[in-house]
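Here the structure is laid out as structure tokens; the discussion comes afterwards.
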Amino acid sequence: MNTPRYTGLIDRYRDRLPVREDTRAVSLGEGNTPLIRLQNISRDLEGHLHGKSANDLTKRIEIYVKYEGLNPTGSFKDRGMTMAVTQAVAEGSRAIICASTGNTSASAAAYAARAGITAFVLIPEGKIALGKLAQAMMHGAIVLQIRGNFDAGMQLVKEVAESAPVTIVNSINPYRIQGQKTAAFEIMDALGHPPDYHCLPVGNAGNISAYWLGYTEYYRDGVVGKRPVMCGYQATGAAPFLRGHPVENPETVATAIRIGNPQSWETAAGAQQESGGWFDEFTDEEILAAQRLLAQKEGIFCEPASAISLAGAMRDIKSGKIPGGSRIVCTLTGHGLKDPDTAIAQSTSPTVINAELESVRKAILENLEGTT
Ligand code: AN7
């Protein structure tokens, strides 16, 4: 028997989204992303913790990753963009605009192309990953590189939208948050209940707000009996939630979260407090180490910003902050292919050999030495 063709998250969750029944979704089949249980990393963690009193190791460690890199443009932004662009078109808008560290611009460009409208994207010059720039350009967005960072771009977008005929599709647009809350629905639908802990990167702070909204809606309607503890992680050089105030010149290798003045500060802080959760920070080296670990131990390639969720979960499990026996979900917000430069820069260069049988044979034997 054929299962019905999946046609995107608006069709799937229409009764929980602010769209009219007769509104046609601008969709690229976003959502419905895999929730993958980690195997090797969890086993190694259990081994590491064995004998240490910080954690109860009679219990298993259950970590899942929500692989949002498998959305149509390679990031979670598509969940919000299908809603924002559907609404913009319904309102008769002919153009959308956003400031972006890269993924929002890629998503806006694609959904604008799909809808047949114009996308204007403001990106910080020289500070967005190559794949994201390629996407914005390829989908035909008007790309405006500003001599300034994301926060400056965000301010400009808010100001220009007051006098120019453009709809803002950053996450200050409430339809973005509405679309993104469906990731929490999918997790609860897949597990049958919420996780105990939800770990994710925090930049502009829209996504943590959206997850909390999604968890809260199922909880309020009695679909589930509890909500998870929300754990948000930031890069040390771009950690306004750790400093307690906006950061003037944010810097990190994880350019997606190179944001100093998060627009959804209050809702994110509310999610952290209401859930009994916390914020923490990681250095660039720690972020990249987690990215490599996931790629090499589990076969899952995410971008640097996304890997901070796993770095956080691992630190908090090791310290006992997240107790043994907990069920944990980490959101992997974007695909590793977004940022090939950062991947190549931290990897071993390929070996160059002659195109000869003996050279290939030698390389195989050398590299297998000690592995059997
Ligand atoms: C991979 O694209 O802000 O805390 O302009 O691309 O909801 O901002 C991207 C953010 C995490 C942070 N992971 O999410 C943009 C942009 C990835 C991201 C975040 C972003 P928010």
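By convention in this document, the chains of the structure tokens carry letters A, B, ... by their order, each chain's residues are numbered from 1, and ligands are numbered from 1 in the order they are shown.
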With 7 Å as the cut-off and only C-alpha atoms and all ligand atoms counted, what is the closest atom pair between each nearby residue of chain A and ligand 1? Distances in Å to one decimal, ordered by chain and number, as JSON lines.
{"residue": "A:Ser75", "atom": "CA", "partner": "ligand 1", "partner_atom_place_in_ligand_line": "1 (C)", "distance": 6.3}
{"residue": "A:Ala99", "atom": "CA", "partner": "ligand 1", "partner_atom_place_in_ligand_line": "5 (O)", "distance": 6.1}
{"residue": "A:Ser100", "atom": "CA", "partner": "ligand 1", "partner_atom_place_in_ligand_line": "5 (O)", "distance": 3.1}
{"residue": "A:Thr101", "atom": "CA", "partner": "ligand 1", "partner_atom_place_in_ligand_line": "5 (O)", "distance": 3.9}
{"residue": "A:Gly102", "atom": "CA", "partner": "ligand 1", "partner_atom_place_in_ligand_line": "2 (O)", "distance": 4.4}
{"residue": "A:Asn103", "atom": "CA", "partner": "ligand 1", "partner_atom_place_in_ligand_line": "2 (O)", "distance": 3.7}
{"residue": "A:Thr104", "atom": "CA", "partner": "ligand 1", "partner_atom_place_in_ligand_line": "2 (O)", "distance": 3.7}
{"residue": "A:Ser105", "atom": "CA", "partner": "ligand 1", "partner_atom_place_in_ligand_line": "2 (O)", "distance": 6.2}
{"residue": "A:Pro201", "atom": "CA", "partner": "ligand 1", "partner_atom_place_in_ligand_line": "11 (C)", "distance": 5.1}
{"residue": "A:Val202", "atom": "CA", "partner": "ligand 1", "partner_atom_place_in_ligand_line": "4 (O)", "distance": 3.8}
{"residue": "A:Gly203", "atom": "CA", "partner": "ligand 1", "partner_atom_place_in_ligand_line": "4 (O)", "distance": 3.6}
{"residue": "A:Asn204", "atom": "CA", "partner": "ligand 1", "partner_atom_place_in_ligand_line": "8 (O)", "distance": 3.4}
{"residue": "A:Ala205", "atom": "CA", "partner": "ligand 1", "partner_atom_place_in_ligand_line": "4 (O)", "distance": 3.3}
{"residue": "A:Gly206", "atom": "CA", "partner": "ligand 1", "partner_atom_place_in_ligand_line": "7 (O)", "distance": 3.7}
{"residue": "A:Asn207", "atom": "CA", "partner": "ligand 1", "partner_atom_place_in_ligand_line": "7 (O)", "distance": 3.6}
{"residue": "A:Ile208", "atom": "CA", "partner": "ligand 1", "partner_atom_place_in_ligand_line": "4 (O)", "distance": 6.3}
{"residue": "A:Ala256", "atom": "CA", "partner": "ligand 1", "partner_atom_place_in_ligand_line": "6 (O)", "distance": 4.3}
{"residue": "A:Ile257", "atom": "CA", "partner": "ligand 1", "partner_atom_place_in_ligand_line": "19 (C)", "distance": 5.3}
{"residue": "A:Glu303", "atom": "CA", "partner": "ligand 1", "partner_atom_place_in_ligand_line": "1 (C)", "distance": 6.3}
{"residue": "A:Ala305", "atom": "CA", "partner": "ligand 1", "partner_atom_place_in_ligand_line": "13 (N)", "distance": 5.0}
{"residue": "A:Ser306", "atom": "CA", "partner": "ligand 1", "partner_atom_place_in_ligand_line": "13 (N)", "distance": 5.1}
{"residue": "A:Thr333", "atom": "CA", "partner": "ligand 1", "partner_atom_place_in_ligand_line": "1 (C)", "distance": 4.5}
{"residue": "A:Gly334", "atom": "CA", "partner": "ligand 1", "partner_atom_place_in_ligand_line": "1 (C)", "distance": 4.2}
Kindly export the residues of the current selection with N, CA and C atoms, as a PDB file, in the first residue's frame.
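After the write, selection-v3.pdb holds the following:
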ATOM      1  N   SER A  75      18.779  23.524   6.192  1.00  0.00           N
ATOM      2  CA  SER A  75      18.719  23.994   7.585  1.00  0.00           C
ATOM      3  C   SER A  75      17.282  24.084   8.079  1.00  0.00           C
ATOM      4  N   ALA A  99      17.937  39.977   7.191  1.00  0.00           N
ATOM      5  CA  ALA A  99      19.367  39.995   7.484  1.00  0.00           C
ATOM      6  C   ALA A  99      19.714  38.557   7.822  1.00  0.00           C
ATOM      7  N   SER A 100      20.944  38.156   7.545  1.00  0.00           N
ATOM      8  CA  SER A 100      21.238  36.743   7.787  1.00  0.00           C
ATOM      9  C   SER A 100      22.716  36.458   7.970  1.00  0.00           C
ATOM     10  N   THR A 101      22.984  35.471   8.814  1.00  0.00           N
ATOM     11  CA  THR A 101      24.334  34.912   8.895  1.00  0.00           C
ATOM     12  C   THR A 101      24.508  33.810   7.844  1.00  0.00           C
ATOM     13  N   GLY A 102      23.484  33.588   7.024  1.00  0.00           N
ATOM     14  CA  GLY A 102      23.629  32.673   5.884  1.00  0.00           C
ATOM     15  C   GLY A 102      22.441  31.772   5.623  1.00  0.00           C
ATOM     16  N   ASN A 103      22.012  31.033   6.631  1.00  0.00           N
ATOM     17  CA  ASN A 103      20.945  30.052   6.392  1.00  0.00           C
ATOM     18  C   ASN A 103      19.585  30.683   6.114  1.00  0.00           C
ATOM     19  N   THR A 104      19.266  31.745   6.823  1.00  0.00           N
ATOM     20  CA  THR A 104      17.991  32.410   6.557  1.00  0.00           C
ATOM     21  C   THR A 104      17.978  32.956   5.129  1.00  0.00           C
ATOM     22  N   SER A 105      19.098  33.483   4.679  1.00  0.00           N
ATOM     23  CA  SER A 105      19.160  34.038   3.318  1.00  0.00           C
ATOM     24  C   SER A 105      18.988  32.931   2.275  1.00  0.00           C
ATOM     25  N   PRO A 201      21.732  25.045  19.709  1.00  0.00           N
ATOM     26  CA  PRO A 201      22.495  26.282  19.620  1.00  0.00           C
ATOM     27  C   PRO A 201      21.566  27.491  19.718  1.00  0.00           C
ATOM     28  N   VAL A 202      22.090  28.588  20.242  1.00  0.00           N
ATOM     29  CA  VAL A 202      21.303  29.817  20.344  1.00  0.00           C
ATOM     30  C   VAL A 202      22.077  30.970  19.702  1.00  0.00           C
ATOM     31  N   GLY A 203      21.462  31.573  18.690  1.00  0.00           N
ATOM     32  CA  GLY A 203      22.046  32.742  18.035  1.00  0.00           C
ATOM     33  C   GLY A 203      21.127  33.925  18.205  1.00  0.00           C
ATOM     34  N   ASN A 204      20.193  34.048  17.272  1.00  0.00           N
ATOM     35  CA  ASN A 204      19.200  35.116  17.372  1.00  0.00           C
ATOM     36  C   ASN A 204      18.076  34.737  18.337  1.00  0.00           C
ATOM     37  N   ALA A 205      18.090  33.486  18.773  1.00  0.00           N
ATOM     38  CA  ALA A 205      17.215  32.960  19.836  1.00  0.00           C
ATOM     39  C   ALA A 205      15.780  32.686  19.396  1.00  0.00           C
ATOM     40  N   GLY A 206      15.542  32.648  18.084  1.00  0.00           N
ATOM     41  CA  GLY A 206      14.209  32.315  17.595  1.00  0.00           C
ATOM     42  C   GLY A 206      13.890  30.835  17.759  1.00  0.00           C
ATOM     43  N   ASN A 207      14.871  29.989  17.513  1.00  0.00           N
ATOM     44  CA  ASN A 207      14.589  28.550  17.485  1.00  0.00           C
ATOM     45  C   ASN A 207      14.287  27.990  18.869  1.00  0.00           C
ATOM     46  N   ILE A 208      15.017  28.411  19.877  1.00  0.00           N
ATOM     47  CA  ILE A 208      14.731  27.920  21.237  1.00  0.00           C
ATOM     48  C   ILE A 208      13.329  28.374  21.651  1.00  0.00           C
ATOM     49  N   ALA A 256      27.221  30.934  11.679  1.00  0.00           N
ATOM     50  CA  ALA A 256      25.753  30.933  11.769  1.00  0.00           C
ATOM     51  C   ALA A 256      25.272  31.605  13.044  1.00  0.00           C
ATOM     52  N   ILE A 257      26.035  31.455  14.128  1.00  0.00           N
ATOM     53  CA  ILE A 257      25.609  32.019  15.414  1.00  0.00           C
ATOM     54  C   ILE A 257      26.518  33.171  15.849  1.00  0.00           C
ATOM     55  N   GLU A 303      26.839  21.423  10.413  1.00  0.00           N
ATOM     56  CA  GLU A 303      27.727  22.581  10.382  1.00  0.00           C
ATOM     57  C   GLU A 303      28.210  22.911  11.796  1.00  0.00           C
ATOM     58  N   ALA A 305      27.987  25.428  13.935  1.00  0.00           N
ATOM     59  CA  ALA A 305      27.026  25.952  14.917  1.00  0.00           C
ATOM     60  C   ALA A 305      26.157  24.838  15.483  1.00  0.00           C
ATOM     61  N   SER A 306      25.767  23.895  14.638  1.00  0.00           N
ATOM     62  CA  SER A 306      24.881  22.813  15.069  1.00  0.00           C
ATOM     63  C   SER A 306      25.557  21.899  16.078  1.00  0.00           C
ATOM     64  N   THR A 333      21.067  21.890  13.526  1.00  0.00           N
ATOM     65  CA  THR A 333      20.311  22.915  12.807  1.00  0.00           C
ATOM     66  C   THR A 333      20.633  23.024  11.322  1.00  0.00           C
ATOM     67  N   GLY A 334      21.874  22.696  10.933  1.00  0.00           N
ATOM     68  CA  GLY A 334      22.255  22.864   9.526  1.00  0.00           C
ATOM     69  C   GLY A 334      23.210  21.788   9.041  1.00  0.00           C
TER      70      GLY A 334
END
Closest atom pairs, segment 58-139 of chain A residues within 7 Å of segment 338-351 of chain A, only C-alpha atoms, as a tab-separated table:
residue	atom	partner	partner_atom	distance
A:Ala129	CA	A:Asp339	CA	4.9
A:Leu130	CA	A:Asp339	CA	5.9
A:Gly131	CA	A:Lys338	CA	4.4
A:Lys132	CA	A:Lys338	CA	5.9
Spatial neighbours of Phe279 of chain A, 12 Å, only C-alpha atoms, chain gap at least 2 places, as a PyMOL selection string: chain A and resi 198-203+205+208+229-236+239-244+268-273+275-277+281-282+308-309+312-313+316
What would the file look like if the residues just selected were written as a PDB file, in the first residue's frame with C-alpha atoms?
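Okay, this is what ended up in result14.pdb:
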ATOM      1  CA  HIS A 198      16.509  19.477  24.672  1.00  0.00           C
ATOM      2  CA  CYS A 199      19.917  20.860  23.663  1.00  0.00           C
ATOM      3  CA  LEU A 200      20.370  23.390  20.874  1.00  0.00           C
ATOM      4  CA  PRO A 201      22.495  26.282  19.620  1.00  0.00           C
ATOM      5  CA  VAL A 202      21.303  29.817  20.344  1.00  0.00           C
ATOM      6  CA  GLY A 203      22.046  32.742  18.035  1.00  0.00           C
ATOM      7  CA  ALA A 205      17.215  32.960  19.836  1.00  0.00           C
ATOM      8  CA  ILE A 208      14.731  27.920  21.237  1.00  0.00           C
ATOM      9  CA  VAL A 229      14.451  21.132  30.195  1.00  0.00           C
ATOM     10  CA  MET A 230      15.785  23.568  27.584  1.00  0.00           C
ATOM     11  CA  CYS A 231      19.587  23.875  27.280  1.00  0.00           C
ATOM     12  CA  GLY A 232      20.905  26.627  25.004  1.00  0.00           C
ATOM     13  CA  TYR A 233      24.528  26.871  23.923  1.00  0.00           C
ATOM     14  CA  GLN A 234      26.491  29.791  22.515  1.00  0.00           C
ATOM     15  CA  ALA A 235      29.989  30.360  21.159  1.00  0.00           C
ATOM     16  CA  THR A 236      32.287  32.004  23.718  1.00  0.00           C
ATOM     17  CA  ALA A 239      27.548  34.659  24.081  1.00  0.00           C
ATOM     18  CA  PRO A 240      25.211  37.501  25.096  1.00  0.00           C
ATOM     19  CA  PHE A 241      23.080  35.167  27.249  1.00  0.00           C
ATOM     20  CA  LEU A 242      26.169  34.241  29.278  1.00  0.00           C
ATOM     21  CA  ARG A 243      27.289  37.868  29.610  1.00  0.00           C
ATOM     22  CA  GLY A 244      23.795  39.056  30.505  1.00  0.00           C
ATOM     23  CA  ALA A 268      14.411  32.569  25.014  1.00  0.00           C
ATOM     24  CA  ALA A 269      15.173  33.613  28.591  1.00  0.00           C
ATOM     25  CA  GLY A 270      11.579  32.717  29.473  1.00  0.00           C
ATOM     26  CA  ALA A 271      11.983  29.229  27.979  1.00  0.00           C
ATOM     27  CA  GLN A 272      15.193  28.684  29.927  1.00  0.00           C
ATOM     28  CA  GLN A 273      13.659  29.832  33.218  1.00  0.00           C
ATOM     29  CA  SER A 275      11.859  24.836  31.914  1.00  0.00           C
ATOM     30  CA  GLY A 276      14.510  24.932  34.630  1.00  0.00           C
ATOM     31  CA  GLY A 277      17.191  24.951  31.941  1.00  0.00           C
ATOM     32  CA  GLU A 281      29.259  28.532  26.163  1.00  0.00           C
ATOM     33  CA  PHE A 282      31.884  26.708  24.100  1.00  0.00           C
ATOM     34  CA  ILE A 308      27.482  22.956  19.800  1.00  0.00           C
ATOM     35  CA  SER A 309      24.296  21.140  20.829  1.00  0.00           C
ATOM     36  CA  GLY A 312      26.676  20.839  25.377  1.00  0.00           C
ATOM     37  CA  ALA A 313      24.883  17.552  25.909  1.00  0.00           C
ATOM     38  CA  ASP A 316      26.377  18.253  30.884  1.00  0.00           C
TER      39      ASP A 316
END
Could you give me the residues within segment 185-340 of chain A that DSSP places in helix (DSSP H, G or I), as a PyMOL selection string? chain A and resi 185-191+206-220+240-243+255-257+265-275+284-298+304-318+336-338+340
Can you pull out every residue within 7 Å of segment 210-215 of chain A, counting only C-alpha atoms, but drop anything in the same chain fewer than 3 positions away, and send it as JSON, numbers by chain? {"A": [177, 178, 180, 181, 182, 183, 184, 185, 206, 207, 218, 219, 227, 271]}
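Nearest residue to Gly74 of chain A, choosing from A:Val360, A:Ala95, A:Val157, A:Leu337 and counting only C-alpha atoms: A:Leu337.
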Pick from A:Val160, A:Gly140, A:Arg60, A:Ser93 nearest to Leu45 of chain A, counting only C-alpha atoms: A:Arg60
Taking the chain letters and numbering used in this document, name the residues of segment 100-148 of chain A that DSSP puts in strand (DSSP E), as a list in words. Thr118, Ala119, Phe120, Val121, Leu122, Ile123, Pro124, Ile142, Val143, Leu144, Gln145 and Ile146 of chain A
Just C-alpha atoms for this one: save the residues we selected as a short mmCIF file (atom, residue, chain, number, x, y, z; two decimals), in the first residue's frame.
data_model
loop_
_atom_site.label_atom_id
_atom_site.label_comp_id
_atom_site.auth_asym_id
_atom_site.auth_seq_id
_atom_site.Cartn_x
_atom_site.Cartn_y
_atom_site.Cartn_z
CA THR A 118 11.75 38.84 -4.89
CA ALA A 119 14.10 38.19 -1.96
CA PHE A 120 16.49 40.83 -0.64
CA VAL A 121 19.14 39.47 1.71
CA LEU A 122 21.62 41.45 3.81
CA ILE A 123 24.66 39.42 4.77
CA PRO A 124 27.88 40.34 6.58
CA ILE A 142 19.29 40.24 -4.49
CA VAL A 143 22.34 39.80 -2.28
CA LEU A 144 23.47 42.90 -0.41
CA GLN A 145 26.77 42.34 1.38
CA ILE A 146 27.07 44.89 4.15
#
If you count only C-alpha atoms, the residue of A:Asn249, A:Ile328, A:His139, A:Ile63 closest to Asp151 of chain A turns out to be A:Asn249
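Closest approach to Ser326 of chain A among A:Gly370, A:Phe150, A:Tyr64, A:Glu248: A:Tyr64, based on only C-alpha atoms.
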Excluding Lys66 of chain A and residues on its chain fewer than 6 positions from it, collect all residues at most 6 Å away from it, counting only C-alpha atoms, and give them as a PyMOL selection string. chain A and resi 35+331-332
Find the residues near Val224 of chain A: any atom within 10 Å, counting only C-alpha atoms, skip ones fewer than 4 places away on the same chain, and give them as a ChimeraX atom specification. /A:188-189,192-194,215-220
Give me, as a ChimeraX atom specification, all polymer residues having an atom no more than 12 Å from Ile36 of chain A, counting only C-alpha atoms and skipping those fewer than 5 positions away in the same chain. /A:62-68,70,187,190-191,294,298-300,328-332
Go ahead and save the picked residues with N, CA and C atoms, as a PDB file, in the first residue's frame.
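That gives us selection09.pdb:
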ATOM      1  N   GLU A  62      20.685   7.996  26.396  1.00  0.00           N
ATOM      2  CA  GLU A  62      19.870   7.959  25.191  1.00  0.00           C
ATOM      3  C   GLU A  62      19.894   9.344  24.543  1.00  0.00           C
ATOM      4  N   ILE A  63      20.739   9.488  23.530  1.00  0.00           N
ATOM      5  CA  ILE A  63      20.838  10.779  22.838  1.00  0.00           C
ATOM      6  C   ILE A  63      20.326  10.627  21.410  1.00  0.00           C
ATOM      7  N   TYR A  64      19.414  11.497  21.027  1.00  0.00           N
ATOM      8  CA  TYR A  64      18.929  11.551  19.651  1.00  0.00           C
ATOM      9  C   TYR A  64      19.356  12.873  19.032  1.00  0.00           C
ATOM     10  N   VAL A  65      19.618  12.850  17.724  1.00  0.00           N
ATOM     11  CA  VAL A  65      19.821  14.120  17.026  1.00  0.00           C
ATOM     12  C   VAL A  65      18.684  14.329  16.025  1.00  0.00           C
ATOM     13  N   LYS A  66      18.135  15.523  16.045  1.00  0.00           N
ATOM     14  CA  LYS A  66      17.107  15.912  15.080  1.00  0.00           C
ATOM     15  C   LYS A  66      17.864  16.572  13.931  1.00  0.00           C
ATOM     16  N   TYR A  67      17.948  15.839  12.815  1.00  0.00           N
ATOM     17  CA  TYR A  67      18.882  16.233  11.738  1.00  0.00           C
ATOM     18  C   TYR A  67      18.214  17.220  10.779  1.00  0.00           C
ATOM     19  N   GLU A  68      18.196  18.475  11.177  1.00  0.00           N
ATOM     20  CA  GLU A  68      17.526  19.515  10.418  1.00  0.00           C
ATOM     21  C   GLU A  68      18.283  19.923   9.152  1.00  0.00           C
ATOM     22  N   LEU A  70      18.691  18.084   6.857  1.00  0.00           N
ATOM     23  CA  LEU A  70      18.030  17.399   5.738  1.00  0.00           C
ATOM     24  C   LEU A  70      16.768  18.109   5.260  1.00  0.00           C
ATOM     25  N   ILE A 187       9.204  15.665  17.103  1.00  0.00           N
ATOM     26  CA  ILE A 187       9.973  14.897  18.095  1.00  0.00           C
ATOM     27  C   ILE A 187       9.017  14.155  19.031  1.00  0.00           C
ATOM     28  N   ALA A 190       7.298  11.348  17.267  1.00  0.00           N
ATOM     29  CA  ALA A 190       8.187  10.206  17.000  1.00  0.00           C
ATOM     30  C   ALA A 190       8.472   9.398  18.267  1.00  0.00           C
ATOM     31  N   LEU A 191       8.695  10.089  19.386  1.00  0.00           N
ATOM     32  CA  LEU A 191       9.062   9.393  20.629  1.00  0.00           C
ATOM     33  C   LEU A 191       7.841   8.956  21.437  1.00  0.00           C
ATOM     34  N   LEU A 294      31.007  13.863  15.673  1.00  0.00           N
ATOM     35  CA  LEU A 294      29.739  13.421  15.097  1.00  0.00           C
ATOM     36  C   LEU A 294      29.946  12.868  13.684  1.00  0.00           C
ATOM     37  N   GLU A 298      29.671   8.851  14.034  1.00  0.00           N
ATOM     38  CA  GLU A 298      28.279   8.498  13.744  1.00  0.00           C
ATOM     39  C   GLU A 298      27.911   8.631  12.272  1.00  0.00           C
ATOM     40  N   GLY A 299      28.801   9.245  11.474  1.00  0.00           N
ATOM     41  CA  GLY A 299      28.480   9.425  10.057  1.00  0.00           C
ATOM     42  C   GLY A 299      27.493  10.538   9.804  1.00  0.00           C
ATOM     43  N   ILE A 300      27.433  11.509  10.730  1.00  0.00           N
ATOM     44  CA  ILE A 300      26.475  12.609  10.586  1.00  0.00           C
ATOM     45  C   ILE A 300      27.238  13.921  10.473  1.00  0.00           C
ATOM     46  N   ILE A 328      17.636  12.515  25.728  1.00  0.00           N
ATOM     47  CA  ILE A 328      18.116  13.831  25.296  1.00  0.00           C
ATOM     48  C   ILE A 328      17.942  13.985  23.790  1.00  0.00           C
ATOM     49  N   VAL A 329      17.475  15.139  23.359  1.00  0.00           N
ATOM     50  CA  VAL A 329      17.453  15.446  21.926  1.00  0.00           C
ATOM     51  C   VAL A 329      18.346  16.657  21.668  1.00  0.00           C
ATOM     52  N   CYS A 330      19.238  16.529  20.701  1.00  0.00           N
ATOM     53  CA  CYS A 330      20.069  17.644  20.235  1.00  0.00           C
ATOM     54  C   CYS A 330      19.588  18.044  18.840  1.00  0.00           C
ATOM     55  N   THR A 331      19.353  19.327  18.606  1.00  0.00           N
ATOM     56  CA  THR A 331      18.990  19.752  17.257  1.00  0.00           C
ATOM     57  C   THR A 331      20.254  20.041  16.462  1.00  0.00           C
ATOM     58  N   LEU A 332      20.388  19.353  15.323  1.00  0.00           N
ATOM     59  CA  LEU A 332      21.470  19.672  14.386  1.00  0.00           C
ATOM     60  C   LEU A 332      20.857  20.585  13.333  1.00  0.00           C
TER      61      LEU A 332
END
